[in-house]
Amino acid sequence: MSTASTARVVIDLDVPGPIISRHLYGHFAEHLGRCVYDGFYVGESSGLPNQGGIRLDVVEALRALNIPNLRWPGGCFADEYHWMNGIGPRADRPGMINTNWGNVEENNHFGTHEFMALCELLGADPYVNGNVGSGTVQEMSDWVEYLTRDGDSPMVRLRKANGRDAPWKVPFWGVGNEAWGCGGNLTAEGYVELARRYATFCRDHDGNKLYRIAAGASDDDLAWTEALMKAVNTLGGGHPRDIFQAISVHYYTVPGTWLHKGSATKFEVDDYYRTMIKAQDIDRVLTGHSTVMDAYDPQRKIGLVLDEWGTWWDVEPDTNPGFLYQQNALRDALVASLHFDVFHRHAERLVMANIAQTVNVLQAMLLTDETGALVLTPTYHVFEMNKGHHDATSVPVHLVDRPAPYELDGKQLELLSVSASVKGDKALVSVTNLDPAASADVVLDLRGATVRGHSGRLLTAPKLQAHNTVADPQVVAPVALTTVVEDPRGLRLTLPPHSFATVEVDL
Ligand code: AHR
């Protein structure tokens, strides 16, 4: 192991910043591979414990994360999904081909009622993504009425006939997805014209207030964001002319090329560095989109929603290339912890983020196998360890002394990442040591409050490639961090190489 690095981090506990919305810890479930079917939904006749076909072990594991919202049904799938095919008796529901993901038949057995039941079981807010690409304005408008209207109306009668009397609350509504690509291959201007019409007819019924999210850019496409911002009315405050409350952006950590993304578990240390450099770039990407938004909306009334993020690797050997099933190693967990530090810093403009995706697809929380076994991934543990940041107040963090950045391919990687928040009489500090070889001795110089107690948790493993399997599910799992000690300036701790830690401080 290399010599330990040293760092001093000043944290201003009495300088409140923006609230870190719990929705930054949001999730995404698409009809893609084994996310919905096998992952969330196994059907009522399954031998696995289920409620209405929804796997109860999956629900229990996700409830432990306090997942705040769930985006559904896509992704690309959203723009070929016709919701009316997913209601009524399951045996009567027409099928369709899922042309985006594996060209397999979708039987529509998991539809609107099943999704809303899942959200109720999870205690999560639904984020429904409507179909602009191949659906009609009327179809989207009817879906909103079906879900949220009370009293008596054609869609209410249909919902009641399908067994649900009371309307649901649906706070979040996506107006299409990736309209520049799978959502219709539109130009920004073309999408804006369409989306204004669709959003207009997504009505607020009976006290349900929709937060309409326009389909946004990918990566550095600031021109797309600018086109949307020109169209968004920023009068704010619920003015009837407001058509969008937020716009989205997507950013995946793909350090290789789209053709050769690399393996989730078989990689060298330089692949690791390139991954982290790519992950760290989310800061620059969010800053770019926020800066464009600031020009049109200086009061920051329009939200930025990163509704797809995470690592995207080559699929595991012998799995369907269209199913995007990948393993999840300690490296993925560090990608997640790095993203959350960035999200916390952007919490004023960034109001929601959804990792892609929750079960069995891309950077998942949970992996299941054909026997029905369930594995918690390293990424799952980062979400769990960071729960204390949900709806907490962010506080400024200054890395006054820090390890020298690592340089590769002309780019730099900061080796230490920290963020902090305060909620009531507790502060939570998240610290990631990205150095793959050296431990980090870190002084947390805590200002503006008295430390009355502390406890810490640590996530690491002997190797960056370490991951959890059915045979060995605890290879990467949190343990107590025993190196935290009091220091005249606050606390001092030592983090092993490639590790993530949380320190809870009693104030
Ligand atoms: O998350 C997988 C896919 O990635 C989504 O369907 C699409 O929106 C994005 O390209």
# chains A, B, ... in the order shown; residues from 1 in each chain; ligands from 1

$ closest_atom_pairs --of "chain A" --to "ligand 1" --cutoff "6 Å" --atoms "only C-alpha atoms and all ligand atoms" --output "CSV"
residue,atom,partner,partner_atom_place_in_ligand_line,distance
A:Gly74,CA,ligand 1,6 (O),5.5
A:Gly75,CA,ligand 1,6 (O),3.3
A:Cys76,CA,ligand 1,6 (O),3.9
A:Glu178,CA,ligand 1,8 (O),5.7
A:Ala356,CA,ligand 1,1 (O),5.3

$ select_by_dssp --residues "range 236-329 of chain A" --states "strand (DSSP E)" --output "PyMOL selection string"
chain A and resi 246-253+303-311

$ closest_residue --among "A:Leu48, A:Ala392, A:Leu32, A:Val443" --to "Glu105 in chain A" --atoms "only C-alpha atoms"
A:Leu32

$ closest_residue --among "A:Gly95, A:Gly151, A:Gly448, A:Gly174" --to "Val15 in chain A" --atoms "only C-alpha atoms"
A:Gly448

$ select_by_dssp --residues "range 159-283 of chain A" --states "helix (DSSP H, G or I)" --output "PyMOL selection string"
chain A and resi 159-161+188-200+222-231+269-280+282-283

$ residues_around --residues "Val128 in chain A" --least-positions-apart "5" --cutoff "6 Å" --atoms "only C-alpha atoms" --output "PDB file with N, CA, C and O atoms, in the first residue's frame"
ATOM      1  N   ARG A  71     -39.635   6.046 -11.220  1.00  0.00           N
ATOM      2  CA  ARG A  71     -39.986   6.441 -12.593  1.00  0.00           C
ATOM      3  C   ARG A  71     -40.352   5.195 -13.391  1.00  0.00           C
ATOM      4  O   ARG A  71     -39.657   4.173 -13.327  1.00  0.00           O
ATOM      5  N   TRP A  72     -41.394   5.275 -14.204  1.00  0.00           N
ATOM      6  CA  TRP A  72     -41.924   4.139 -14.953  1.00  0.00           C
ATOM      7  C   TRP A  72     -42.796   4.680 -16.079  1.00  0.00           C
ATOM      8  O   TRP A  72     -43.365   5.750 -15.904  1.00  0.00           O
ATOM      9  N   TRP A 173     -44.732  13.880 -13.639  1.00  0.00           N
ATOM     10  CA  TRP A 173     -45.176  13.448 -14.964  1.00  0.00           C
ATOM     11  C   TRP A 173     -44.116  13.798 -16.015  1.00  0.00           C
ATOM     12  O   TRP A 173     -43.769  14.968 -16.195  1.00  0.00           O
TER      13      TRP A 173
END

$ residues_around --residues "Gly262 in chain A" --least-positions-apart "4" --cutoff "8 Å" --atoms "only C-alpha atoms" --output "list of chain:residue names"
A:Gly256, A:Lys266, A:Phe267, A:Trp313, A:Asp314

$ residues_around --residues "Trp168 in chain A" --least-positions-apart "5" --cutoff "9 Å" --atoms "only C-alpha atoms" --output "PyMOL selection string"
chain A and resi 116+147-149+208
